[in-house]
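*Asks:* For reference, the structure I am asking about is given below.
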Amino acid sequence: MLALNRKLLRELWHLKGQVISIALVVASGIMSVVTMRGSYESLVTAQQQYYSSTRFADVWAPLVRAPLSLLPKIEAIPGVDAADSRVTFLATLDLDDSGIPAQGRFVSLPEVGRPKLNDIIVRQGRYIVPGAPDEVIVSENFAAAREFVPGDSIRVIINGRARELDIVGIGISAEHSYAVPPGALYPEDDRYGILWASREILGPAYNMDGAFNEVFVTLTPDANQDAVIDRLDNLLEPFGGLGAYPRRDQASHQILQAELDSNRVTGAAIPIIFLGVAVFLLYLVLGRMISTQRGEIAVLKAFGYTDREVGMHFLMFAVVAVLIGGTIGAIGGVYLGDAYIGMYDQYFDLPNLRYRLTPSLLVFAFFACVLGAIGGAMAAVRRAILLPPAEAMRPEAPARFKPGLFESLGLGRLLGPNGRMILRNVERKPVQGFFSSLGVAMSVAILTIGFFMFDSVNFMMDLQFRLIQREDLTLTFREILSDKVVHDLAHLDGVNRVETYRYLPARLRFGHRDEEIAIQGMEINGRLRRIVNANGNEVPVPSTGVILSSLLAGRLGVTTGDEVIVEILEGKRKTTRARVTGVIEDFLGISAYMSRQSLWDLSEEPNVISGAYLAVDDQRLNDLFRELKQVPAVTGVASPANMLQSFEDQLAEGILISAGFLLGFAAVIAVGVIYNAARISLSERGRELASLRVMGFHRREVAILLLGEQAIITLFAIPLGWLIGYSLSYAITQGIQTDIYRIPFIAEPRTYILSAILICVAAAASGLAVRRRLDRIELVEVLKTRE
């Protein structure tokens with residue numbers, strides 16, 4: 001085998017460009033596995049460790065107010081392993097700036113000891129000490145955005161009373177690993193934070209002395225979660241229970257889990273594309289190598305080399321390419337994995353979050369790629385194994401030449417001689433041409449999918465913030481108020497228009513299905529907040545009945561005209577019925593809309609509101625913000641413009657990173673396929689092209705004949721790639737259907753144009769590399785070679 005190994009090394013060096021291009025495709029596949037799957041496993045590990053160390057709850061139940069004496073009854077519910085309670089509320093933070101008022105989510109901690117469940121981790125400073133009346137721990141991201149450190153103080157307004165609190169620690173919590181202010185879509189760390197303080201401080205300050213307004217439990221391994229939730233709801237109903245919910249509906253966990261699910265799917269899909277392309281390239285290269293070495297194969301077999309040894313010799317070409325690609329991919333995947341985890345670390349507070357490459361993942365990635373390479377190579381190697389020595393000594397039978405489809409239709413005369421030669425050569429190998437186009441089409445599809453995601457998210461944000469949310473500010477009240485406050489709000493400095501809304505927590509039932517939702521009561525003639533469907537068309541607020549989002553309607557199994565049972569979860573807690581007057585497709589949250597009057601009639605609580613939408617003079621915003629800080633009834637102020645700006649800033653960063661990944665991966669596939677196809681064509685037609693040079697053809701003319709084939713393959717691949725990308729994009733939209741968001745199926749014309757331009761650039765770069773080799777061809781040596 002020593003002679004065969006030397007021969008293998010010579011061939012690897014001679015075909016080093018093709019080997020490198022195949023290795024890069026393999027490297028991209030392994031890199032994507034190591035990066036995405038490794039990141040997924042690292043995130044899951046960090047999440048599980050975090051939940052375990054802080055004793056993360058399984059079920060939460062918010063309520064209005066209940067005495068601490070109720071807690072033992074909750075612990076006695078069958079299936080409950082442990083229970084804990086606390087006081088939590090929103091309050092205004094007076095941070096001595098003129099911007100939009102900041103909000104704090106206050107969460108109580110026990111005066112002595114640590115929380116039984118949902119504990120926090122102190123990253124800087126210390127935990128609160130018993131008897132200290134003004135100590136507080138603030139969330140890490142909020143502290144970083146505001147440059148708070150232990151020893152600083154913060155001014156807060158609770159129940160209309162200002163108070164100075166001393167920051168003694170910086171902490172994180174699994175419940176707030178992705179802290180989003182009420183009404184927002186993304187974290188706004190400079191204006192929203194979590195503040196943990198002693199229950200002895202927060203209880204009296206919020207009229208919760210000896211009481212709680214939230215309870216949470218962990219479950220035993222054999223517990224029936226639904227039964228526990230039902231028992232918990234029944235127990236808390238007299239105390240204003242707002243509906244218990246499981247961990248899967250907890251806000252931070254829901255967002256993190258959606259990211260994990262998306263990462264898992266992407267990490268499985270992308271490597272398959274690269275592996276498929278690598279298999280095809282190995283088949284092409286080895287197939288051509290075996291065709292050009294028929295004589296050598298005959299001599300080897302005549303000298304006593306067995307079929308197995310000859311087959312292993314050619315198979316090792318594929319294995320070497322895979323090993324080179326695997327090494328590059330593993331090293332690159334670790335570096336990219338670190339960067340990928342760094343992106344998550346910016347948004348999710350997960351302690352001990354670092355990239356971990358497990359040996360099992362590395363072995364799996366290599367094993368999958370080696371198997372794929374062997375599978376792709378075996379079809380070509382089989383030809384070498386089955387080739388008898390006597391037959392191998394003869395040249396391959398000449399191909400049969402006949403007019404192709406284009407010329408049979410009489411269209412050949414529309415082209416010049418060069419064009420007909422290019423077209424004939426493509427038509428002679430339709431299968432190889434098709435799979436070459438399919439490989440390039442995969443790179444077009446990757447770019448199309450990536451840019452489609454940006455188009456869809458931009459459309460979703462435009463719909464939400466420019467058509468639906470047209471207000472300048474959204475106010476949230478501490479508790480429901482009379483709608484007469486409209487007159488007070490209208491007289492605030494800079495306010496041009498006021499519209500109010502009512503949020504009413506309710507459980508909707510239809511048959512055996514039910515969903516908990518906050519029904520939004522809107523003004524019938526409101527212009528600041530509207531109901532808009534997926535097509536951008538406004539849907540009038542119905543005077544009677546309820547409009548449901550399509551996701552909610554699908555879960556309940558209702559259509560327009562059906563009646564749903566409405567169990568109101570606050571106030572008089574009535575149970576009534578409402579007719580579904582419409583179903584709309586939307587993309588954010590799950591929604592139910594009614595007119596304010598209908599909602600008042602339904603709940604038998606007339607003329608009360610939960611908040612207001614304001615249209616404000618831009619020049620007087622800062623004056624209004626200062627006034628709102630002094631209004632104790634207002635606990636939340638949100639600006640759709642700020643939310644959109646925050647989103648666009650994060651999207652811009654995400655676009656740069658994602659576009660770099662997509663462009664790199666797509667370029668590797670496109671260059672790998674086009675370069676290898678052109679090199680194989682050059683080796684097959686070397687004598688023909690050299691003859692043309694001797695006959696007087698210029699280098700440019702000969703290059704056009706060779707690269708024209710690749711141009712046709714690329715042009716055919718672009719619409720095919722658009723079709724594949726379109727289909728995969730649609731599948732993605734159907735797969736991403738969560739309570740938080742749904743991705744609309746939107747692809748702008750620029751997506752197709754940009755993907756085509758980038759692939760053409762990659763094709764041109766491959767063509768230039770082959771053109772340089774064509775220009776250096778030795779005419780005499782090529783003409784001496786045997787056909």
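Letters A, B, ... go to the chains of the structure tokens in the order shown; residues in each chain start at 1; ligands are counted from 1 in the same order.
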I'd like the neighbourhood of region 621-634 of chain A as a list in words, where a residue qualifies if any of its atoms comes within 8 Å (using only C-alpha atoms), though same-chain residues fewer than 2 positions away should be ignored.

*Replies:*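 Contacts, with the query itself left out: Thr92, Asp94, Ser98, Gly99, Ile100, Pro101, Ile157, Ile158, Asn159, Gly160, Arg161, Leu475, Thr476, Phe477, Arg478, Glu479, Leu492, Asp493, Gly494, Val495, Val616, Asp617, Asp618, Gln619, Gly636 and Val637 of chain A.
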
*Asks:* Listing only residues of region 429-517 of chain A within 10 Å of region 575-594 of chain A, what is the closest atom pair and its distance in Å (to one decimal) for each, using only C-alpha atoms, sorted by chain and residue number ascending, as CSV?

*Replies:*
residue,atom,partner,partner_atom,distance
A:Val457,CA,A:Phe587,CA,9.8
A:Met460,CA,A:Phe587,CA,6.9
A:Met461,CA,A:Phe587,CA,9.5
A:Leu463,CA,A:Phe587,CA,9.2
A:Gln464,CA,A:Leu588,CA,8.2
A:Arg502,CA,A:Met594,CA,9.5
A:Tyr503,CA,A:Tyr593,CA,9.6
A:Ala506,CA,A:Thr575,CA,9.4
A:Arg507,CA,A:Thr575,CA,9.3
A:Leu508,CA,A:Arg577,CA,9.1
A:Arg509,CA,A:Arg577,CA,9.3
A:Glu515,CA,A:Ile590,CA,9.9
A:Glu516,CA,A:Ile590,CA,9.9
A:Ile517,CA,A:Ser591,CA,7.2

*Asks:* Check the DSSP output for the backbone and give back, as a PyMOL selection string, the residues of region 466-594 of chain A in strand (DSSP E).

*Replies:* chain A and resi 473-482+495-510+513-522+531-532+538-539+546-549+563-568+575-584+592-594

*Asks:* From the list A:Ala670, A:Cys760, A:Ile74, A:Met442, which residue is nearest Gly276 (chain A) when using only C-alpha atoms?

*Replies:* A:Met442

*Asks:* Please compute the CA of Ser21 (chain A)-CA of Ser729 (chain A) distance, one decimal, in Å.

*Replies:*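 Pair CA of Ser21 (chain A) / CA of Ser729 (chain A) returns 27.6 Å.
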
*Asks:* Record the distance separating CA of Arg771 (chain A) and CA of Ala756 (chain A), expressed in Å with one decimal.

*Replies:*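 Atom-to-atom, CA of Arg771 (chain A) and CA of Ala756 (chain A) are spaced 21.9 Å apart.
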
*Asks:* Rank A:Tyr344, A:Trp196, A:Phe314, A:Tyr305 by their smallest atom-to-atom distance to Ile290 (chain A), using only C-alpha atoms, and report the top residue only.

*Replies:*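 The answer is A:Phe314, which sits nearest to Ile290 (chain A).
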
*Asks:* Using Å and a single decimal, report how far CA of Ile480 (chain A) sits from CA of Pro67 (chain A).

*Replies:*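 CA of Pro67 (chain A) sits 22.2 Å away from CA of Ile480 (chain A).
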
*Asks:* Env of region 365-367 of chain A: 8 Å cut, atoms = only C-alpha atoms, seq-sep filter 4 positions within chain, self excluded. Answer as a PyMOL selection string.

*Replies:* chain A and resi 30+33-34+326+361+371

*Asks:* Looking at A:Leu12, A:Leu315, A:Ala638, A:Ala612, which one is nearest to Ala184 (chain A), with distances taken over only C-alpha atoms?

*Replies:*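 Counting only C-alpha atoms, the residue closest to Ala184 (chain A) is A:Ala638.
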
*Asks:* Quick one: residues within 8 Å of region 328-333 of chain A, only C-alpha atoms counted, chain neighbours fewer than 3 positions away excluded, as a list in words?

*Replies:*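 Returned residues: Leu24, Val26, Ala27, Ser28, Gly29, Ile30, Met31, Ser32, Val33, Val34, Thr35, Ile324, Gly325, Leu336, Gly337 and Leu362 of chain A.
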
*Asks:* Could you turn the residues from that selection into a file that holds N, CA and C atoms, as a CSV table (one decimal), in the first residue's frame?

*Replies:*
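Wrote it out as out_30.csv, contents follow:
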chain,number,residue,atom,x,y,z
A,24,LEU,N,-13.8,22.7,2.7
A,24,LEU,CA,-14.5,23.9,3.3
A,24,LEU,C,-16.0,23.7,3.4
A,26,VAL,N,-17.4,20.7,3.9
A,26,VAL,CA,-17.5,19.8,5.0
A,26,VAL,C,-17.3,20.6,6.3
A,27,ALA,N,-16.3,21.5,6.3
A,27,ALA,CA,-16.0,22.3,7.5
A,27,ALA,C,-17.2,23.2,7.9
A,28,SER,N,-17.9,23.7,6.9
A,28,SER,CA,-19.0,24.5,7.2
A,28,SER,C,-20.1,23.7,7.8
A,29,GLY,N,-20.3,22.4,7.3
A,29,GLY,CA,-21.3,21.6,7.9
A,29,GLY,C,-21.0,21.2,9.4
A,30,ILE,N,-19.7,20.8,9.6
A,30,ILE,CA,-19.3,20.5,11.0
A,30,ILE,C,-19.3,21.7,11.9
A,31,MET,N,-18.9,22.9,11.3
A,31,MET,CA,-18.9,24.1,12.1
A,31,MET,C,-20.3,24.5,12.5
A,32,SER,N,-21.3,24.3,11.6
A,32,SER,CA,-22.7,24.6,12.0
A,32,SER,C,-23.2,23.6,13.1
A,33,VAL,N,-22.8,22.3,13.0
A,33,VAL,CA,-23.2,21.4,14.0
A,33,VAL,C,-22.5,21.8,15.4
A,34,VAL,N,-21.2,22.0,15.3
A,34,VAL,CA,-20.5,22.3,16.6
A,34,VAL,C,-20.9,23.6,17.2
A,35,THR,N,-21.2,24.6,16.3
A,35,THR,CA,-21.6,25.9,16.8
A,35,THR,C,-23.0,25.8,17.4
A,324,ILE,N,-9.7,16.9,6.8
A,324,ILE,CA,-9.2,18.3,6.8
A,324,ILE,C,-10.4,19.2,7.1
A,325,GLY,N,-11.5,19.0,6.4
A,325,GLY,CA,-12.7,19.8,6.7
A,325,GLY,C,-13.2,19.7,8.2
A,336,LEU,N,-16.7,30.1,16.9
A,336,LEU,CA,-18.0,30.6,16.6
A,336,LEU,C,-19.0,30.3,17.7
A,337,GLY,N,-18.9,29.2,18.3
A,337,GLY,CA,-19.7,28.8,19.5
A,337,GLY,C,-19.6,29.8,20.6
A,362,LEU,N,-18.6,16.1,19.2
A,362,LEU,CA,-17.5,16.1,18.2
A,362,LEU,C,-17.5,14.8,17.4
